[in-house]
Structure formats: structure tokens, C-alpha cells
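Novice: Following this line is data_20.cif, made up of mmCIF, C-alpha atoms and all ligand atoms:
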data_protein
loop_
_atom_site.group_PDB
_atom_site.id
_atom_site.type_symbol
_atom_site.label_atom_id
_atom_site.label_comp_id
_atom_site.auth_asym_id
_atom_site.auth_seq_id
_atom_site.Cartn_x
_atom_site.Cartn_y
_atom_site.Cartn_z
ATOM 1 C CA MET C 538 -66.630 -79.219 241.715
ATOM 2 C CA LEU C 539 -68.187 -82.331 240.252
ATOM 3 C CA ARG C 540 -67.506 -81.109 236.737
ATOM 4 C CA TYR C 541 -63.917 -80.341 237.626
ATOM 5 C CA LEU C 542 -63.419 -83.789 239.120
ATOM 6 C CA LEU C 543 -64.900 -85.435 236.060
ATOM 7 C CA LEU C 544 -62.601 -83.536 233.700
ATOM 8 C CA PHE C 545 -59.644 -84.307 235.888
ATOM 9 C CA THR C 546 -60.463 -88.025 235.856
ATOM 10 C CA ILE C 547 -60.830 -88.096 232.095
ATOM 11 C CA SER C 548 -57.562 -86.300 231.445
ATOM 12 C CA THR C 549 -55.573 -88.611 233.721
ATOM 13 C CA VAL C 550 -57.098 -91.641 232.030
ATOM 14 C CA THR C 551 -56.304 -90.468 228.506
ATOM 15 C CA SER C 552 -52.652 -89.765 229.240
ATOM 16 C CA GLU C 553 -51.138 -92.569 231.280
ATOM 17 C CA PRO C 554 -47.584 -91.959 232.403
ATOM 18 C CA CYS C 555 -44.888 -92.998 229.925
ATOM 19 C CA SER C 556 -47.372 -94.033 227.254
ATOM 20 C CA PHE C 557 -45.558 -92.386 224.310
ATOM 21 C CA LEU C 558 -42.998 -94.396 222.353
ATOM 22 C CA TYR C 559 -40.105 -92.712 220.539
ATOM 23 C CA ASP C 560 -37.683 -95.160 218.929
ATOM 24 C CA GLY C 561 -38.819 -97.898 221.329
ATOM 25 C CA GLN C 562 -38.197 -95.771 224.432
ATOM 26 C CA ARG C 563 -41.091 -94.743 226.700
ATOM 27 C CA TYR C 564 -41.754 -91.028 227.154
ATOM 28 C CA ASP C 565 -43.984 -88.893 229.312
ATOM 29 C CA ARG C 566 -45.740 -85.892 227.784
ATOM 30 C CA THR C 567 -46.687 -82.558 229.337
ATOM 31 C CA ALA C 568 -48.101 -79.434 227.730
ATOM 32 C CA ILE C 569 -45.632 -76.708 228.730
ATOM 33 C CA LEU C 570 -47.516 -73.937 226.914
ATOM 34 C CA THR C 571 -51.019 -73.405 225.600
ATOM 35 C CA ILE C 572 -51.434 -70.323 223.442
ATOM 36 C CA LYS C 573 -53.778 -69.044 220.714
ATOM 37 C CA GLY C 574 -52.178 -69.575 217.311
ATOM 38 C CA LEU C 575 -49.780 -71.985 215.638
ATOM 39 C CA PRO C 576 -46.299 -72.199 217.191
ATOM 40 C CA THR C 577 -43.731 -73.110 214.499
ATOM 41 C CA ASN C 578 -39.946 -73.081 213.984
ATOM 42 C CA LEU C 579 -39.108 -74.435 217.440
ATOM 43 C CA ALA C 580 -35.504 -74.041 218.613
ATOM 44 C CA ILE C 581 -34.179 -74.517 222.142
ATOM 45 C CA ASN C 582 -31.151 -72.882 223.725
ATOM 46 C CA PRO C 583 -29.699 -75.754 225.801
ATOM 47 C CA ASN C 584 -27.700 -73.281 227.926
ATOM 48 C CA ASN C 585 -30.714 -71.651 229.579
ATOM 49 C CA LYS C 586 -33.629 -73.761 228.212
ATOM 50 C CA ASP C 587 -35.289 -70.822 226.426
ATOM 51 C CA ILE C 588 -37.540 -72.202 223.676
ATOM 52 C CA PHE C 589 -37.926 -70.000 220.606
ATOM 53 C CA PHE C 590 -40.967 -70.203 218.362
ATOM 54 C CA THR C 591 -42.762 -68.223 215.701
ATOM 55 C CA LEU C 592 -46.444 -67.819 216.482
ATOM 56 C CA ILE C 593 -48.657 -67.736 213.393
ATOM 57 C CA ASP C 594 -52.073 -66.096 213.543
ATOM 58 C CA LEU C 595 -54.339 -68.733 211.998
ATOM 59 C CA ASP C 596 -57.129 -66.306 211.066
ATOM 60 C CA SER C 597 -54.707 -64.359 208.875
ATOM 61 C CA LEU C 598 -53.212 -67.587 207.472
ATOM 62 C CA HIS C 599 -56.610 -68.710 206.240
ATOM 63 C CA ASN C 600 -57.556 -65.305 204.849
ATOM 64 C CA ASP C 601 -56.224 -64.910 201.279
ATOM 65 C CA ASP C 602 -56.688 -61.117 201.289
ATOM 66 C CA GLU C 603 -54.444 -60.625 204.273
ATOM 67 C CA GLN C 604 -50.733 -61.138 204.789
ATOM 68 C CA THR C 605 -50.061 -63.889 207.318
ATOM 69 C CA LYS C 606 -49.370 -62.376 210.727
ATOM 70 C CA MET C 607 -46.615 -63.868 212.832
ATOM 71 C CA ASP C 608 -44.558 -62.909 215.842
ATOM 72 C CA GLN C 609 -41.333 -64.206 217.296
ATOM 73 C CA TYR C 610 -41.512 -65.460 220.887
ATOM 74 C CA PHE C 611 -39.499 -67.358 223.413
ATOM 75 C CA LEU C 612 -40.699 -69.371 226.367
ATOM 76 C CA ARG C 613 -38.742 -68.729 229.568
ATOM 77 C CA ASN C 614 -39.687 -70.241 232.940
ATOM 78 C CA GLY C 615 -43.107 -71.085 231.513
ATOM 79 C CA MET C 616 -43.777 -67.514 230.340
ATOM 80 C CA PRO C 617 -44.096 -66.649 226.631
ATOM 81 C CA MET C 618 -42.184 -63.440 225.806
ATOM 82 C CA LYS C 619 -42.516 -61.577 222.527
ATOM 83 C CA ILE C 620 -39.485 -60.143 220.724
ATOM 84 C CA ASP C 621 -41.308 -56.996 219.751
ATOM 85 C CA ASN C 622 -38.727 -54.764 218.053
ATOM 86 C CA VAL C 623 -38.555 -56.786 214.813
ATOM 87 C CA HIS C 624 -40.785 -58.763 212.430
ATOM 88 C CA GLY C 625 -39.347 -62.097 213.555
ATOM 89 C CA GLN C 626 -40.004 -65.147 211.374
ATOM 90 C CA ALA C 627 -37.644 -67.825 212.691
ATOM 91 C CA ALA C 628 -34.855 -68.366 215.222
ATOM 92 C CA ALA C 629 -31.759 -70.558 215.422
ATOM 93 C CA VAL C 630 -29.476 -71.181 218.369
ATOM 94 C CA ASP C 631 -25.685 -71.412 218.275
ATOM 95 C CA ALA C 632 -25.377 -73.409 221.502
ATOM 96 C CA LYS C 633 -21.561 -73.493 221.571
ATOM 97 C CA ASN C 634 -21.283 -69.685 221.438
ATOM 98 C CA ASN C 635 -24.570 -69.114 223.312
ATOM 99 C CA LYS C 636 -25.980 -66.907 220.550
ATOM 100 C CA VAL C 637 -29.511 -66.719 219.215
ATOM 101 C CA TYR C 638 -30.157 -65.585 215.658
ATOM 102 C CA ILE C 639 -33.499 -64.090 214.689
ATOM 103 C CA ALA C 640 -34.596 -64.030 211.051
ATOM 104 C CA SER C 641 -36.762 -61.105 210.032
ATOM 105 C CA ASP C 642 -38.354 -59.702 206.894
ATOM 106 C CA ASP C 643 -35.525 -57.154 206.875
ATOM 107 C CA GLY C 644 -32.370 -59.129 207.606
ATOM 108 C CA LEU C 645 -30.558 -61.200 210.185
ATOM 109 C CA ASN C 646 -30.500 -60.223 213.850
ATOM 110 C CA VAL C 647 -28.909 -61.476 217.030
ATOM 111 C CA LEU C 648 -30.681 -61.505 220.387
ATOM 112 C CA ASN C 649 -28.843 -59.259 222.826
ATOM 113 C CA LYS C 650 -28.645 -59.146 226.621
ATOM 114 C CA THR C 651 -31.879 -57.179 226.927
ATOM 115 C CA ASP C 652 -33.699 -59.774 224.753
ATOM 116 C CA LYS C 653 -34.014 -57.400 221.815
ATOM 117 C CA ALA C 654 -33.280 -58.298 218.209
ATOM 118 C CA HIS C 655 -30.118 -56.445 217.265
ATOM 119 C CA PHE C 656 -29.485 -56.053 213.526
ATOM 120 C CA LEU C 657 -26.509 -58.035 212.204
ATOM 121 C CA SER C 658 -26.533 -58.354 208.395
ATOM 122 C CA LEU C 659 -28.473 -59.122 205.177
ATOM 123 C CA LYS C 660 -30.378 -55.829 205.152
ATOM 124 C CA ASP C 661 -33.497 -55.941 202.903
ATOM 125 C CA GLU C 662 -33.508 -59.742 202.806
ATOM 126 C CA ASP C 663 -36.751 -61.474 203.812
ATOM 127 C CA ILE C 664 -35.452 -64.483 205.766
ATOM 128 C CA VAL C 665 -38.134 -67.068 206.443
ATOM 129 C CA MET C 666 -36.191 -69.993 207.906
ATOM 130 C CA LEU C 667 -32.940 -70.559 209.791
ATOM 131 C CA TYR C 668 -30.978 -73.642 210.770
ATOM 132 C CA LYS C 669 -27.795 -73.779 212.855
ATOM 133 C CA PRO C 670 -25.861 -77.059 212.920
ATOM 134 C CA GLU C 671 -23.762 -77.556 216.052
ATOM 135 C CA HIS C 672 -20.447 -78.587 214.535
ATOM 136 C CA ASN C 673 -19.391 -75.578 212.433
ATOM 137 C CA ASP C 674 -19.671 -71.792 212.008
ATOM 138 C CA GLU C 675 -22.311 -71.922 209.289
ATOM 139 C CA LEU C 676 -25.860 -70.669 209.636
ATOM 140 C CA TYR C 677 -28.326 -71.792 206.953
ATOM 141 C CA ALA C 678 -30.973 -69.329 205.819
ATOM 142 C CA VAL C 679 -33.928 -69.550 203.442
ATOM 143 C CA ILE C 680 -34.727 -66.306 201.647
ATOM 144 C CA TYR C 681 -38.131 -65.313 200.273
ATOM 145 C CA PRO C 682 -39.606 -65.061 197.592
ATOM 146 C CA ASP C 683 -37.765 -67.882 195.790
ATOM 147 C CA ASN C 684 -36.934 -69.793 198.986
ATOM 148 C CA GLU C 685 -33.326 -70.159 197.955
ATOM 149 C CA VAL C 686 -30.926 -71.596 200.524
ATOM 150 C CA TYR C 687 -27.786 -69.761 201.649
ATOM 151 C CA SER C 688 -25.049 -70.719 204.056
ATOM 152 C CA ILE C 689 -23.714 -67.802 206.068
ATOM 153 C CA ASN C 690 -20.269 -68.108 207.588
ATOM 154 C CA LEU C 691 -20.620 -66.366 210.939
ATOM 155 C CA LYS C 692 -16.889 -65.839 211.433
ATOM 156 C CA LYS C 693 -16.217 -64.311 208.007
ATOM 157 C CA ASN C 694 -19.736 -62.911 207.585
ATOM 158 C CA GLU C 695 -19.876 -64.332 204.052
ATOM 159 C CA LYS C 696 -23.016 -65.609 202.399
ATOM 160 C CA LYS C 697 -22.954 -68.371 199.783
ATOM 161 C CA LYS C 698 -25.871 -69.689 197.738
ATOM 162 C CA ILE C 699 -26.372 -73.460 197.805
ATOM 163 C CA ASP C 700 -26.714 -74.018 194.075
ATOM 164 C CA ASN C 701 -28.163 -77.492 193.953
ATOM 165 C CA ILE C 702 -31.183 -76.885 196.171
ATOM 166 C CA PRO C 703 -33.938 -75.237 194.102
ATOM 167 C CA CYS C 704 -36.003 -74.196 197.119
ATOM 168 C CA ALA C 705 -36.645 -75.106 200.724
ATOM 169 C CA PHE C 706 -39.493 -74.550 203.153
ATOM 170 C CA ILE C 707 -37.966 -76.510 206.022
ATOM 171 C CA LEU C 708 -34.401 -77.771 206.365
ATOM 172 C CA ALA C 709 -31.842 -79.385 208.668
ATOM 173 C CA VAL C 710 -28.125 -80.083 208.322
ATOM 174 C CA ASP C 711 -26.375 -83.087 209.895
ATOM 175 C CA ALA C 712 -22.854 -83.300 211.349
ATOM 176 C CA ASN C 713 -21.455 -84.305 207.927
ATOM 177 C CA ASP C 714 -22.838 -81.214 206.147
ATOM 178 C CA ASN C 715 -25.554 -83.138 204.341
ATOM 179 C CA ILE C 716 -28.555 -80.855 203.821
ATOM 180 C CA TYR C 717 -32.072 -82.258 204.228
ATOM 181 C CA TYR C 718 -34.976 -80.195 202.969
ATOM 182 C CA GLU C 719 -38.550 -80.085 201.776
ATOM 183 C CA CYS C 720 -39.556 -77.987 198.772
ATOM 184 C CA ASN C 721 -42.991 -76.761 197.670
ATOM 185 C CA ALA C 722 -44.856 -79.467 199.616
ATOM 186 C CA LYS C 723 -43.727 -81.884 196.892
ATOM 187 C CA TYR C 724 -40.838 -83.953 198.214
ATOM 188 C CA VAL C 725 -38.266 -84.401 200.962
ATOM 189 C CA LYS C 726 -34.685 -84.693 199.716
ATOM 190 C CA VAL C 727 -31.090 -84.724 200.908
ATOM 191 C CA LEU C 728 -28.187 -83.025 199.178
ATOM 192 C CA LEU C 729 -25.145 -85.031 200.279
ATOM 193 C CA LYS C 730 -21.931 -83.101 200.825
ATOM 194 C CA ASP C 731 -19.999 -82.656 197.561
ATOM 195 C CA PHE C 732 -22.850 -84.148 195.508
ATOM 196 C CA GLN C 733 -24.524 -82.309 192.636
ATOM 197 C CA GLU C 734 -27.922 -83.933 192.675
ATOM 198 C CA PRO C 735 -30.253 -84.246 195.683
ATOM 199 C CA ILE C 736 -31.767 -87.652 196.511
ATOM 200 C CA GLU C 737 -35.470 -88.032 197.245
ATOM 201 C CA PHE C 738 -36.770 -89.956 200.258
ATOM 202 C CA ALA C 739 -39.436 -92.573 199.605
ATOM 203 C CA GLY C 740 -42.626 -93.242 201.518
ATOM 204 C CA ILE C 741 -43.369 -89.725 202.738
ATOM 205 C CA GLY C 742 -46.725 -88.352 201.613
ATOM 206 C CA ARG C 743 -46.847 -85.145 199.606
ATOM 207 C CA ASN C 744 -47.582 -82.077 201.649
ATOM 208 C CA THR C 745 -47.109 -83.909 204.963
ATOM 209 C CA ALA C 746 -43.640 -82.656 206.014
ATOM 210 C CA ARG C 747 -43.962 -80.014 208.750
ATOM 211 C CA ALA C 748 -40.596 -79.567 210.506
ATOM 212 C CA MET C 749 -37.062 -80.963 210.678
ATOM 213 C CA THR C 750 -34.255 -80.987 213.191
ATOM 214 C CA VAL C 751 -31.377 -83.094 214.524
ATOM 215 C CA ASP C 752 -31.928 -85.072 217.746
ATOM 216 C CA GLY C 753 -29.537 -85.730 220.663
ATOM 217 C CA ASN C 754 -28.128 -88.772 218.811
ATOM 218 C CA ASN C 755 -27.259 -86.773 215.687
ATOM 219 C CA ARG C 756 -30.175 -88.171 213.740
ATOM 220 C CA VAL C 757 -32.116 -85.969 211.355
ATOM 221 C CA VAL C 758 -35.758 -86.153 212.409
ATOM 222 C CA LEU C 759 -38.657 -85.202 210.178
ATOM 223 C CA ALA C 760 -41.962 -84.294 211.822
ATOM 224 C CA SER C 761 -44.768 -85.099 209.403
ATOM 225 C CA ASN C 762 -48.545 -85.286 209.632
ATOM 226 C CA ASP C 763 -48.433 -88.942 210.722
ATOM 227 C CA GLY C 764 -45.411 -88.920 212.981
ATOM 228 C CA LEU C 765 -41.651 -88.687 213.276
ATOM 229 C CA TYR C 766 -39.183 -90.226 210.845
ATOM 230 C CA HIS C 767 -35.423 -90.700 210.961
ATOM 231 C CA LEU C 768 -33.921 -89.468 207.676
ATOM 232 C CA LYS C 769 -30.613 -91.201 206.974
ATOM 233 C CA PRO C 770 -28.006 -90.088 204.449
ATOM 234 C CA ASP C 771 -27.457 -93.627 203.146
ATOM 235 C CA SER C 772 -31.005 -94.904 202.788
ATOM 236 C CA MET C 773 -33.865 -93.616 200.666
ATOM 237 C CA ILE C 774 -36.334 -95.191 203.087
ATOM 238 C CA PRO C 775 -36.811 -93.295 206.340
ATOM 239 C CA ARG C 776 -37.321 -95.146 209.609
ATOM 240 C CA LYS C 777 -40.447 -94.416 211.647
ATOM 241 C CA LEU C 778 -39.538 -93.297 215.159
ATOM 242 C CA MET C 779 -42.925 -92.289 216.526
ATOM 243 C CA ASN C 780 -46.598 -92.113 215.615
ATOM 244 C CA LEU C 781 -48.447 -88.900 216.430
ATOM 245 C CA ASP C 782 -52.168 -88.313 216.879
ATOM 246 C CA TYR C 783 -51.922 -84.600 216.024
ATOM 247 C CA ILE C 784 -50.332 -82.570 213.233
ATOM 248 C CA PRO C 785 -46.971 -81.204 214.393
ATOM 249 C CA SER C 786 -45.813 -77.694 213.520
ATOM 250 C CA GLY C 787 -42.370 -77.598 215.120
ATOM 251 C CA ILE C 788 -39.751 -79.843 216.724
ATOM 252 C CA THR C 789 -36.576 -79.396 218.763
ATOM 253 C CA PHE C 790 -34.418 -81.575 221.027
ATOM 254 C CA ASP C 791 -32.376 -80.922 224.141
ATOM 255 C CA GLY C 792 -30.413 -84.112 224.812
ATOM 256 C CA ASP C 793 -33.054 -86.794 225.358
ATOM 257 C CA ASP C 794 -35.855 -84.285 225.866
ATOM 258 C CA MET C 795 -38.056 -83.594 222.865
ATOM 259 C CA TYR C 796 -40.339 -80.615 222.257
ATOM 260 C CA LEU C 797 -43.156 -80.716 219.704
ATOM 261 C CA ALA C 798 -45.589 -77.975 218.807
ATOM 262 C CA SER C 799 -49.074 -78.200 217.360
ATOM 263 C CA ASN C 800 -52.008 -75.822 217.020
ATOM 264 C CA GLY C 801 -52.246 -73.926 220.325
ATOM 265 C CA VAL C 802 -49.723 -75.985 222.272
ATOM 266 C CA ILE C 803 -46.085 -76.906 222.906
ATOM 267 C CA TYR C 804 -45.453 -80.351 224.411
ATOM 268 C CA LYS C 805 -42.403 -81.592 226.219
ATOM 269 C CA TYR C 806 -41.588 -85.312 225.984
ATOM 270 C CA SER C 807 -39.266 -86.650 228.645
ATOM 271 C CA ALA C 808 -37.963 -90.157 229.356
ATOM 272 C CA ASP C 809 -36.555 -89.215 232.784
ATOM 273 C CA GLU C 810 -39.347 -90.771 234.825
ATOM 274 C CA CYS C 811 -39.809 -93.767 232.524
ATOM 275 C CA GLU C 812 -37.905 -97.049 232.477
HETATM 276 C C1 LIG C 901 -30.057 -54.398 222.237
HETATM 277 O O1 LIG C 901 -30.477 -54.128 220.917
HETATM 278 C C2 LIG C 901 -31.362 -53.024 220.781
HETATM 279 C C3 LIG C 901 -31.814 -52.988 219.336
HETATM 280 O O2 LIG C 901 -30.743 -52.871 218.457
HETATM 281 C C4 LIG C 901 -30.649 -51.761 221.243
HETATM 282 O O3 LIG C 901 -31.546 -50.663 221.146
HETATM 283 C C5 LIG C 901 -30.169 -51.935 222.667
HETATM 284 O O4 LIG C 901 -29.404 -50.808 223.046
HETATM 285 C C6 LIG C 901 -29.323 -53.188 222.794
HETATM 286 N N1 LIG C 901 -28.982 -53.420 224.189
HETATM 287 C C7 LIG C 901 -27.768 -53.808 224.575
HETATM 288 C C8 LIG C 901 -27.575 -54.006 226.037
HETATM 289 O O5 LIG C 901 -26.839 -53.996 223.788
#
Starting from the coordinates I provided, produce the structure as C-alpha cells.
Specialist:
Amino acid sequence: MLRYLLLFTISTVTSEPCSFLYDGQRYDRTAILTIKGLPTNLAINPNNKDIFFTLIDLDSLHNDDEQTKMDQYFLRNGMPMKIDNVHGQAAAVDAKNNKVYIASDDGLNVLNKTDKAHFLSLKDEDIVMLYKPEHNDELYAVIYPDNEVYSINLKKNEKKKIDNIPCAFILAVDANDNIYYECNAKYVKVLLKDFQEPIEFAGIGRNTARAMTVDGNNRVVLASNDGLYHLKPDSMIPRKLMNLDYIPSGITFDGDDMYLASNGVIYKYSADECE
């Protein structure tokens, strides 16, 4: 009892309400999931608040003789659920059409009513990353082993290679079809729509970029080892939005709510109860 009280006191002291600043606004933080492993590739479905993530087994990640083990999950009503009929590696949500796409090592799938991955297209392709912008019918996919980027038109079911991006490990696309990406832990760049040559962002350390998404204000947000940055299409210098005291592994937004993952945990940041 005494021990419990002591722990309780310490944890309330270390996280005062509304003590997290994102772009000057105060946020509260709660851990909505603790789980063994590294949750990555966060994506929320704003229609039902399901949060999709790929859970990486860290023991296998650190063992060179073994292929990295990962599973595709979603968090619903606080419960993690595994999508167990496919080797899921990433998910993307088409909020407008209420569809969830699951990337696997053997093609593109869509989540059906019974929460199973139902095969759609790109048989034999090892898809390692997906991004769905809100404003159009394109889904962006990164395909292993060369990590080339493709845009897939979901209406016409046509796939097109993005020629001017040599490789991508994480990516996001803004409302003007500018593509932001990180390649080989070397740099973070943007390929502006109709441009031939990507532009590199300054001030971001090598091998520090961890995840990218677009926030509720249509800003491209990079989660890096030292915090969150706003990547703008018209400035090489990103703007710092938030400092973090942990290394993030995934990020997604639902309006003003922000979700960040790190080793063993998914946090929700909310400004609702803050001034
Ligand atoms: C969902 O997809 C799985 C896998 O393809 C399939 O076996 C199942 O019948 C589908 N369920 C529905 C309701 O479509």
C-alpha cells in the first residue's frame, strides 16, 4: 500500500496536467496503450477512432541472423487487436470513403467488415509503407527491396512510379501533392508537385527522422529523435513545434488530438482540458 502510494505520488508529480507544448498550445498526455515491442506506422480512422499500428519485435530487430518480426494491429476501445490473416507491415486510412488499406509482404489489402485483410492488388509486391492523403484518390506505397515510391490510383487501380524519388523509408503528402520523404537515414526532402529535383531540408540530424504525417491544420509534421518539426513546402528550414523527451516511432492526428508512439507505448495528446 505504501509502495503503491509512493509510486502514485511520483507519477502525478512528473506529469502535471497540460504541461506539454505543441506549437505554443498546452496539451495533456495519457498513455492509451502499453505493449511489449515497438509500435510504428500509426494511422487513425477518424470515423471510429481505431488506431492502426505495426508492432515490431525488438529482439528480432536487434538480431542480425533473424528476419525482423512484425504484426499489424489496431487499437479499438483500448484493446489491441491483431490482424492475423496477413503479414501486415503498414496501414493507411481513407477517411472520406471509410476504408483501411493494409500493406503486406504479398500485396495490398483492404480491411473488411470482419476485420480481416482482404486481398486487393499488387500480388507479390513487398509493401513496407503506405500513405493516404485526404484530398484525392491516390494511395502512396513504398515497395521493398529498393524502397521505390508508387502512387496507386484507387479508382482506376493504376500504379505509377514516382521517378524523382530515389527511395523512401517514411513519407507524407500534403494537400498540394508535394511529397515529403526520408531516404536511407541520410536526409529529409520534399519533391514539389511538377518539379524534377527534390529539395533537402536543413537542420535535421542524420538518422533522426522517425515518422511523418499531416496534422489537423494541413501541416506536414516530422517526428524526429529530438521532437516534432513542421516541414513547409516553401522553406528549407523546418519550424520546431514540440520538444520530446523520448524517441518517437509513429505519429498520427485526429483533428487537434495527436497520437505518438514510442518503445512499448502509445500516447494521446489532447488540448481539450487545457486553456
Ligand atoms: C473478409 O476477408 C476474408 C479474407 O479475404 C474473407 O475470408 C472473409 O470472407 C471476408 N469477410 C467478409 C464479410 O467479406
Novice: What residues of the protein or nucleic acid chains come within 8 Å of ligand LIG 901 (chain C) when you use all atoms listed in the file? Reply as a ChimeraX atom specification.
Specialist: /C:622,648-656
Novice: Can you work out which one of C:Asn578, C:Ser799, C:Asn721, C:Asn634 has the shortest atom-to-atom distance to C:Asn684, counting all atoms listed in the file?
Specialist: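 So, comparing all the options, the nearest one is C:Asn721.
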Novice: Output the residue selection produced by the PyMOL selection byres (((chain C and resi 703) around 9) and not hetatm) on the file above, formatted as a short mmCIF file (atom, residue, chain, number, x, y, z; two decimals) with C-alpha atoms, in the frame of the given file.
Specialist:
data_model
loop_
_atom_site.label_atom_id
_atom_site.label_comp_id
_atom_site.auth_asym_id
_atom_site.auth_seq_id
_atom_site.Cartn_x
_atom_site.Cartn_y
_atom_site.Cartn_z
CA ASP C 683 -37.76 -67.88 195.79
CA ASN C 684 -36.93 -69.79 198.99
CA GLU C 685 -33.33 -70.16 197.96
CA VAL C 686 -30.93 -71.60 200.52
CA ILE C 699 -26.37 -73.46 197.80
CA ASP C 700 -26.71 -74.02 194.08
CA ASN C 701 -28.16 -77.49 193.95
CA ILE C 702 -31.18 -76.89 196.17
CA CYS C 704 -36.00 -74.20 197.12
CA ALA C 705 -36.65 -75.11 200.72
CA CYS C 720 -39.56 -77.99 198.77
#
Novice: Given the PyMOL selection byres (((chain C and resi 613-621) around 12) and not hetatm) and the file above, list the residues it selects as a PyMOL selection string.
Specialist: chain C and resi 568-573+576+581-582+585-592+607-612+622-628+638-641+646-649+651-655+802-805
Novice: How far is it from atom CA of C:Met779 to atom CA of C:His672, in Å with one decimal?
Specialist: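 Atom-to-atom, atom CA of C:Met779 and atom CA of C:His672 are spaced 26.4 Å apart.
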Novice: If you measure from atom CA of C:Val757 to atom CA of C:Val727, what distance in Å do you get, rounded to one decimal?
Specialist: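 Answer for the atom CA of C:Val757 to atom CA of C:Val727 separation: 10.6 Å.
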Novice: Quick one: of C:Lys606, C:Lys692, C:Lys730, C:Arg743, who's nearest to C:Asn673, counting only C-alpha atoms?
Specialist: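 Going through C:Lys606, C:Lys692, C:Lys730, C:Arg743 one by one, the smallest distance to C:Asn673 is for C:Lys692.
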Novice: Taking 6 positions as the minimum chain separation for residues in the same chain, which residues sit within 9 Å of C:Lys696 when counting all atoms listed in the file? Answer as JSON, numbers by chain.
Specialist: {"C": [659, 687, 688, 689, 690]}
Novice: Set the distance at 8 Å and use only C-alpha atoms: which residues neighbour C:Asp791 once local chain neighbours fewer than 2 positions away are removed? I'd like the list as a PyMOL selection string.
Specialist: chain C and resi 581+583+752-753+789+793-795
Novice: Pick the closest to C:Pro554 from C:Thr567, C:Asn800, C:Thr750, C:Ser658: which is it, counting all atoms listed in the file?
Specialist: C:Thr567
Novice: Which residue, C:Leu575, C:Arg747, C:Ala580, C:Phe732, has the smallest gap to C:Leu595 when you use all atoms listed in the file?
Specialist: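 For C:Leu595, the nearest of the candidates is C:Leu575.
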Novice: Please, what distance in Å, to one decimal, runs between atom CA of C:Ile664 and atom CA of C:Ala709?
Specialist: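 Calculated distance between atom CA of C:Ile664 and atom CA of C:Ala709 is 15.6 Å.
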Novice: If you apply the PyMOL selection byres (((chain C and resi 715-719) around 8) and not hetatm) to this file, what residues do you get, as a ChimeraX atom specification?
Specialist: /C:704-714,720-730,746,770
Novice: Between C:Gly644, C:Pro670, C:Gly801, C:Gly740, which has the minimum distance to C:Lys777 (counting all atoms listed in the file)?
Specialist: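 Looking only at the distances to C:Lys777, the closest residue turns out to be C:Gly740.
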